[in-house]
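Q: Following this line is run.txt, made up of compact mmCIF, N, CA and C atoms and all ligand atoms:
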```
# COMPACT_ATOMS: atom_id res chain seq x y z
N MET M 438 -55.23 -90.25 85.04
CA MET M 438 -54.14 -91.08 84.53
C MET M 438 -54.67 -91.99 83.44
N LEU M 439 -53.91 -92.08 82.39
CA LEU M 439 -54.35 -92.86 81.24
C LEU M 439 -53.85 -94.30 81.35
N GLU M 440 -54.77 -95.20 81.09
CA GLU M 440 -54.42 -96.63 81.13
C GLU M 440 -54.90 -97.30 79.85
N CYS M 441 -54.28 -98.38 79.55
CA CYS M 441 -54.71 -99.13 78.38
C CYS M 441 -55.87 -100.05 78.78
N PRO M 442 -57.05 -99.91 78.14
CA PRO M 442 -58.20 -100.73 78.52
C PRO M 442 -58.01 -102.21 78.21
N LEU M 443 -57.17 -102.48 77.25
CA LEU M 443 -56.94 -103.90 76.91
C LEU M 443 -56.02 -104.55 77.94
N CYS M 444 -55.00 -103.82 78.34
CA CYS M 444 -54.12 -104.33 79.39
C CYS M 444 -54.89 -104.55 80.69
N ASN M 445 -55.89 -103.70 80.91
CA ASN M 445 -56.67 -103.78 82.14
C ASN M 445 -57.91 -104.66 81.99
N GLN M 446 -58.00 -105.34 80.86
CA GLN M 446 -59.08 -106.28 80.61
C GLN M 446 -60.46 -105.65 80.67
N LEU M 447 -60.52 -104.38 80.25
CA LEU M 447 -61.81 -103.70 80.17
C LEU M 447 -62.47 -103.94 78.82
N ILE M 448 -61.67 -104.21 77.83
CA ILE M 448 -62.21 -104.46 76.50
C ILE M 448 -61.61 -105.75 75.95
N ASN M 449 -62.24 -106.23 74.91
CA ASN M 449 -61.70 -107.38 74.20
C ASN M 449 -61.43 -106.97 72.76
N ILE M 450 -60.58 -107.73 72.14
CA ILE M 450 -60.31 -107.51 70.72
C ILE M 450 -61.40 -108.19 69.91
N TYR M 451 -62.03 -107.40 69.04
CA TYR M 451 -63.12 -107.97 68.22
C TYR M 451 -62.72 -108.13 66.77
N GLN M 452 -61.45 -107.98 66.50
CA GLN M 452 -61.03 -108.12 65.12
C GLN M 452 -61.05 -109.58 64.69
N VAL M 453 -61.13 -109.75 63.39
CA VAL M 453 -60.94 -111.09 62.84
C VAL M 453 -59.71 -111.06 61.95
N CYS M 454 -59.14 -112.21 61.78
CA CYS M 454 -57.95 -112.34 60.95
C CYS M 454 -58.29 -112.01 59.51
N PRO M 455 -57.51 -111.12 58.88
CA PRO M 455 -57.79 -110.78 57.48
C PRO M 455 -57.57 -111.95 56.52
N LYS M 456 -56.84 -112.93 56.96
CA LYS M 456 -56.55 -114.06 56.08
C LYS M 456 -57.58 -115.17 56.18
N CYS M 457 -57.88 -115.57 57.43
CA CYS M 457 -58.76 -116.73 57.56
C CYS M 457 -60.05 -116.40 58.30
N HIS M 458 -60.22 -115.12 58.66
CA HIS M 458 -61.47 -114.63 59.25
C HIS M 458 -61.85 -115.34 60.54
N GLN M 459 -60.86 -115.79 61.25
CA GLN M 459 -61.10 -116.34 62.58
C GLN M 459 -60.87 -115.24 63.61
N PRO M 460 -61.53 -115.32 64.76
CA PRO M 460 -61.30 -114.32 65.79
C PRO M 460 -59.84 -114.34 66.24
N VAL M 461 -59.29 -113.17 66.45
CA VAL M 461 -57.90 -113.09 66.88
C VAL M 461 -57.83 -112.93 68.39
N VAL M 462 -56.69 -113.14 68.94
CA VAL M 462 -56.51 -113.00 70.38
C VAL M 462 -55.40 -112.01 70.66
N ASP M 463 -55.47 -111.42 71.84
CA ASP M 463 -54.47 -110.45 72.26
C ASP M 463 -53.22 -111.17 72.75
N GLY M 464 -52.12 -110.88 72.09
CA GLY M 464 -50.86 -111.51 72.50
C GLY M 464 -50.13 -110.73 73.58
N GLY M 465 -50.75 -109.65 74.03
CA GLY M 465 -50.12 -108.86 75.08
C GLY M 465 -49.55 -107.56 74.55
N SER M 466 -49.24 -106.67 75.46
CA SER M 466 -48.70 -105.39 75.08
C SER M 466 -47.34 -105.56 74.44
N LEU M 467 -47.13 -104.81 73.36
CA LEU M 467 -45.84 -104.86 72.69
C LEU M 467 -44.75 -104.28 73.58
N GLY M 468 -45.16 -103.52 74.58
CA GLY M 468 -44.19 -102.99 75.54
C GLY M 468 -43.44 -104.09 76.27
N ASN M 469 -44.02 -105.29 76.26
CA ASN M 469 -43.34 -106.41 76.88
C ASN M 469 -42.23 -106.95 75.99
N TYR M 470 -42.31 -106.60 74.71
CA TYR M 470 -41.32 -107.12 73.77
C TYR M 470 -40.28 -106.06 73.42
N VAL M 471 -40.78 -104.85 73.19
CA VAL M 471 -39.89 -103.75 72.82
C VAL M 471 -40.01 -102.68 73.89
N GLY M 472 -38.93 -102.31 74.48
CA GLY M 472 -38.97 -101.32 75.55
C GLY M 472 -39.47 -99.98 75.06
N PRO M 473 -40.34 -99.35 75.82
CA PRO M 473 -40.79 -98.00 75.46
C PRO M 473 -39.66 -97.00 75.67
N TYR M 474 -39.92 -95.79 75.27
CA TYR M 474 -38.92 -94.75 75.49
C TYR M 474 -38.61 -94.67 76.98
N SER M 475 -37.37 -94.67 77.27
CA SER M 475 -37.02 -94.56 78.67
C SER M 475 -37.35 -93.17 79.19
N PRO M 476 -38.06 -93.10 80.29
CA PRO M 476 -38.40 -91.79 80.84
C PRO M 476 -37.19 -91.09 81.43
N TYR M 477 -36.09 -91.81 81.58
CA TYR M 477 -34.94 -91.23 82.23
C TYR M 477 -33.92 -90.71 81.23
N GLU M 478 -34.22 -90.86 79.95
CA GLU M 478 -33.36 -90.27 78.94
C GLU M 478 -34.09 -89.09 78.32
N GLU M 479 -33.44 -88.41 77.42
CA GLU M 479 -34.02 -87.27 76.73
C GLU M 479 -34.32 -86.11 77.67
N GLY M 480 -33.75 -86.13 78.86
CA GLY M 480 -33.83 -84.98 79.75
C GLY M 480 -35.22 -84.46 80.04
N GLY M 481 -35.95 -85.13 80.85
CA GLY M 481 -37.24 -84.61 81.32
C GLY M 481 -38.42 -84.99 80.44
N LEU M 482 -38.17 -85.58 79.31
CA LEU M 482 -39.29 -86.02 78.49
C LEU M 482 -39.92 -87.25 79.15
N GLU M 483 -41.16 -87.14 79.54
CA GLU M 483 -41.79 -88.23 80.25
C GLU M 483 -42.66 -89.06 79.32
N TRP M 484 -42.13 -90.12 78.82
CA TRP M 484 -42.84 -91.09 78.02
C TRP M 484 -43.27 -90.58 76.65
N GLY M 485 -43.09 -89.30 76.41
CA GLY M 485 -43.40 -88.78 75.08
C GLY M 485 -44.84 -89.07 74.69
N GLU M 486 -45.07 -89.31 73.42
CA GLU M 486 -46.43 -89.52 72.95
C GLU M 486 -46.88 -90.96 73.14
N SER M 487 -45.98 -91.79 73.56
CA SER M 487 -46.33 -93.20 73.70
C SER M 487 -47.35 -93.41 74.83
N VAL M 488 -47.57 -92.40 75.67
CA VAL M 488 -48.53 -92.56 76.75
C VAL M 488 -49.96 -92.61 76.23
N HIS M 489 -50.18 -92.16 75.00
CA HIS M 489 -51.55 -92.06 74.50
C HIS M 489 -52.04 -93.32 73.82
N SER M 490 -51.17 -94.24 73.62
CA SER M 490 -51.61 -95.50 73.05
C SER M 490 -50.73 -96.63 73.54
N CYS M 491 -51.30 -97.80 73.50
CA CYS M 491 -50.58 -98.99 73.93
C CYS M 491 -50.61 -99.96 72.77
N THR M 492 -49.45 -100.35 72.31
CA THR M 492 -49.41 -101.23 71.16
C THR M 492 -49.44 -102.69 71.61
N HIS M 493 -50.43 -103.40 71.12
CA HIS M 493 -50.56 -104.82 71.45
C HIS M 493 -50.22 -105.67 70.24
N LEU M 494 -49.67 -106.78 70.51
CA LEU M 494 -49.44 -107.74 69.44
C LEU M 494 -50.64 -108.68 69.40
N ILE M 495 -51.37 -108.60 68.28
CA ILE M 495 -52.55 -109.43 68.09
C ILE M 495 -52.15 -110.62 67.24
N TYR M 496 -52.63 -111.77 67.57
CA TYR M 496 -52.30 -112.90 66.70
C TYR M 496 -53.48 -113.81 66.47
N CYS M 497 -53.40 -114.47 65.36
CA CYS M 497 -54.45 -115.39 64.95
C CYS M 497 -54.01 -116.81 65.30
N PRO M 498 -54.73 -117.48 66.17
CA PRO M 498 -54.34 -118.83 66.54
C PRO M 498 -54.54 -119.84 65.42
N SER M 499 -55.32 -119.45 64.42
CA SER M 499 -55.59 -120.39 63.33
C SER M 499 -54.43 -120.49 62.34
N CYS M 500 -53.92 -119.31 61.92
CA CYS M 500 -52.87 -119.35 60.90
C CYS M 500 -51.54 -118.83 61.42
N GLY M 501 -51.54 -118.34 62.66
CA GLY M 501 -50.28 -117.92 63.26
C GLY M 501 -49.83 -116.53 62.87
N GLU M 502 -50.64 -115.83 62.09
CA GLU M 502 -50.31 -114.46 61.70
C GLU M 502 -50.34 -113.56 62.93
N ASP M 503 -49.44 -112.61 63.02
CA ASP M 503 -49.56 -111.63 64.10
C ASP M 503 -49.20 -110.25 63.58
N TRP M 504 -49.76 -109.25 64.23
CA TRP M 504 -49.53 -107.87 63.80
C TRP M 504 -49.83 -106.95 64.97
N PRO M 505 -49.19 -105.78 64.99
CA PRO M 505 -49.41 -104.84 66.08
C PRO M 505 -50.68 -104.02 65.89
N VAL M 506 -51.37 -103.75 66.97
CA VAL M 506 -52.56 -102.91 66.97
C VAL M 506 -52.39 -101.87 68.07
N GLU M 507 -52.65 -100.63 67.72
CA GLU M 507 -52.56 -99.59 68.73
C GLU M 507 -53.88 -99.43 69.45
N ILE M 508 -53.83 -99.53 70.76
CA ILE M 508 -55.02 -99.37 71.59
C ILE M 508 -54.96 -97.98 72.23
N GLY M 509 -56.02 -97.22 72.04
CA GLY M 509 -56.05 -95.89 72.63
C GLY M 509 -56.21 -95.97 74.14
N MET M 510 -55.44 -95.16 74.83
CA MET M 510 -55.53 -95.13 76.29
C MET M 510 -56.81 -94.44 76.72
N VAL M 511 -57.33 -94.85 77.85
CA VAL M 511 -58.51 -94.20 78.40
C VAL M 511 -58.21 -93.73 79.82
N SER M 512 -58.97 -92.77 80.25
CA SER M 512 -58.78 -92.25 81.60
C SER M 512 -59.42 -93.19 82.61
N MET M 513 -58.66 -93.58 83.61
CA MET M 513 -59.16 -94.53 84.61
C MET M 513 -59.29 -93.82 85.94
N ARG M 514 -60.23 -94.27 86.75
CA ARG M 514 -60.39 -93.73 88.09
C ARG M 514 -60.40 -94.87 89.08
ZN ZN M 601 -52.19 -102.33 76.55
ZN ZN M 602 -55.61 -116.31 60.47
```
Is it possible to give me this structure as structure tokens?
A:
Amino acid sequence: MLECPLCNQLINIYQVCPKCHQPVVDGGSLGNYVGPYSPYEEGGLEWGESVHSCTHLIYCPSCGEDWPVEIGMVSMR
């Protein structure tokens, strides 16, 4: 089963803000803001390709900039 390593706190975001070069922080999965494809629509399509990545909203606490980053899912045991 594929899980998002960032949601599971296995990894940290190491990006820096392109504007002010301060470390950015994870604002959480974008799935919390925008609903993913409903698995109950589209007749049997289960999550589609969205299962392979988890989109997080990254933001810079210094300048307030935020942008989405796709996190690749990893296999968890
Ligand atoms: Zn995630
Ligand atoms: Zn910034």
Q: Mind checking which residues fall within 7 Å of Val461 (chain M), counting all atoms listed in the file, ignoring those fewer than 3 positions away in the same chain, and posting them as a PyMOL selection string?
A: chain M and resi 450-454+458+495-498
Q: Would you compute the distance between atom C of Leu439 (chain M) and atom C of Gly509 (chain M)? Give it in Å to one decimal.
A: 7.8 Å
Q: Please, which residues in chain M fall within 8 Å of ligand ZN 601 (chain M) when counting all atoms listed in the file, and what is the closest atom pair and distance in Å to one decimal for each, ordered by chain then residue number, as JSON lines?
A:
```
{"residue": "M:Glu440", "atom": "C", "partner": "M:ZN601", "partner_atom": "ZN", "distance": 6.6}
{"residue": "M:Cys441", "atom": "CA", "partner": "M:ZN601", "partner_atom": "ZN", "distance": 4.5}
{"residue": "M:Pro442", "atom": "N", "partner": "M:ZN601", "partner_atom": "ZN", "distance": 5.7}
{"residue": "M:Leu443", "atom": "C", "partner": "M:ZN601", "partner_atom": "ZN", "distance": 4.6}
{"residue": "M:Cys444", "atom": "N", "partner": "M:ZN601", "partner_atom": "ZN", "distance": 3.6}
{"residue": "M:Asn445", "atom": "N", "partner": "M:ZN601", "partner_atom": "ZN", "distance": 5.9}
{"residue": "M:Gln446", "atom": "N", "partner": "M:ZN601", "partner_atom": "ZN", "distance": 7.8}
{"residue": "M:Gly465", "atom": "C", "partner": "M:ZN601", "partner_atom": "ZN", "distance": 6.2}
{"residue": "M:Ser466", "atom": "CA", "partner": "M:ZN601", "partner_atom": "ZN", "distance": 4.9}
{"residue": "M:Leu467", "atom": "N", "partner": "M:ZN601", "partner_atom": "ZN", "distance": 6.5}
{"residue": "M:Gly468", "atom": "N", "partner": "M:ZN601", "partner_atom": "ZN", "distance": 7.4}
{"residue": "M:Ser490", "atom": "C", "partner": "M:ZN601", "partner_atom": "ZN", "distance": 6.6}
{"residue": "M:Cys491", "atom": "CA", "partner": "M:ZN601", "partner_atom": "ZN", "distance": 4.5}
{"residue": "M:Thr492", "atom": "N", "partner": "M:ZN601", "partner_atom": "ZN", "distance": 5.4}
{"residue": "M:His493", "atom": "N", "partner": "M:ZN601", "partner_atom": "ZN", "distance": 5.8}
{"residue": "M:Leu494", "atom": "N", "partner": "M:ZN601", "partner_atom": "ZN", "distance": 7.9}
{"residue": "M:Glu507", "atom": "C", "partner": "M:ZN601", "partner_atom": "ZN", "distance": 7.9}
{"residue": "M:Ile508", "atom": "CA", "partner": "M:ZN601", "partner_atom": "ZN", "distance": 6.4}
{"residue": "M:Gly509", "atom": "N", "partner": "M:ZN601", "partner_atom": "ZN", "distance": 7.8}
{"residue": "M:Met510", "atom": "CA", "partner": "M:ZN601", "partner_atom": "ZN", "distance": 7.9}
```
Q: For ligand ZN 602 (chain M), list the contacting residues at 6 Å or closer, counting only C-alpha atoms and all ligand atoms, as a short mmCIF file (atom, residue, chain, number, x, y, z; two decimals) with N, CA and C atoms, keeping the file's coordinate frame.
A:
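Wrote selection_8.cif, looks like this:
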```cif
data_model
loop_
_atom_site.label_atom_id
_atom_site.label_comp_id
_atom_site.auth_asym_id
_atom_site.auth_seq_id
_atom_site.Cartn_x
_atom_site.Cartn_y
_atom_site.Cartn_z
N CYS M 454 -59.14 -112.21 61.78
CA CYS M 454 -57.95 -112.34 60.95
C CYS M 454 -58.29 -112.01 59.51
N LYS M 456 -56.84 -112.93 56.96
CA LYS M 456 -56.55 -114.06 56.08
C LYS M 456 -57.58 -115.17 56.18
N CYS M 457 -57.88 -115.57 57.43
CA CYS M 457 -58.76 -116.73 57.56
C CYS M 457 -60.05 -116.40 58.30
N GLN M 459 -60.86 -115.79 61.25
CA GLN M 459 -61.10 -116.34 62.58
C GLN M 459 -60.87 -115.24 63.61
N CYS M 497 -53.40 -114.47 65.36
CA CYS M 497 -54.45 -115.39 64.95
C CYS M 497 -54.01 -116.81 65.30
N SER M 499 -55.32 -119.45 64.42
CA SER M 499 -55.59 -120.39 63.33
C SER M 499 -54.43 -120.49 62.34
N CYS M 500 -53.92 -119.31 61.92
CA CYS M 500 -52.87 -119.35 60.90
C CYS M 500 -51.54 -118.83 61.42
N GLU M 502 -50.64 -115.83 62.09
CA GLU M 502 -50.31 -114.46 61.70
C GLU M 502 -50.34 -113.56 62.93
#
```
Q: Quick one: distance from CA of Ser512 (chain M) to atom N of Val462 (chain M) in Å, one decimal?
A: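 Separating CA of Ser512 (chain M) from atom N of Val462 (chain M) is a distance of 24.5 Å.
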Q: Report the centre and edge lengths, in Å to one decimal, of an axis-aligned box enclosing every atom of region 444-462 of chain M listed in the file, padded by 5 Å on each side, as AutoDock Vina command-line options.
A:
```
--center_x -58.6 --center_y -110.2 --center_z 69.1 --size_x 19.0 --size_y 23.0 --size_z 36.1
```
Q: Rounded to one decimal in Å, what is the spacing between CA of Asp503 (chain M) and atom C of Asn449 (chain M)?
A: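 Rounded to one decimal, the two atoms are 15.4 Å apart.
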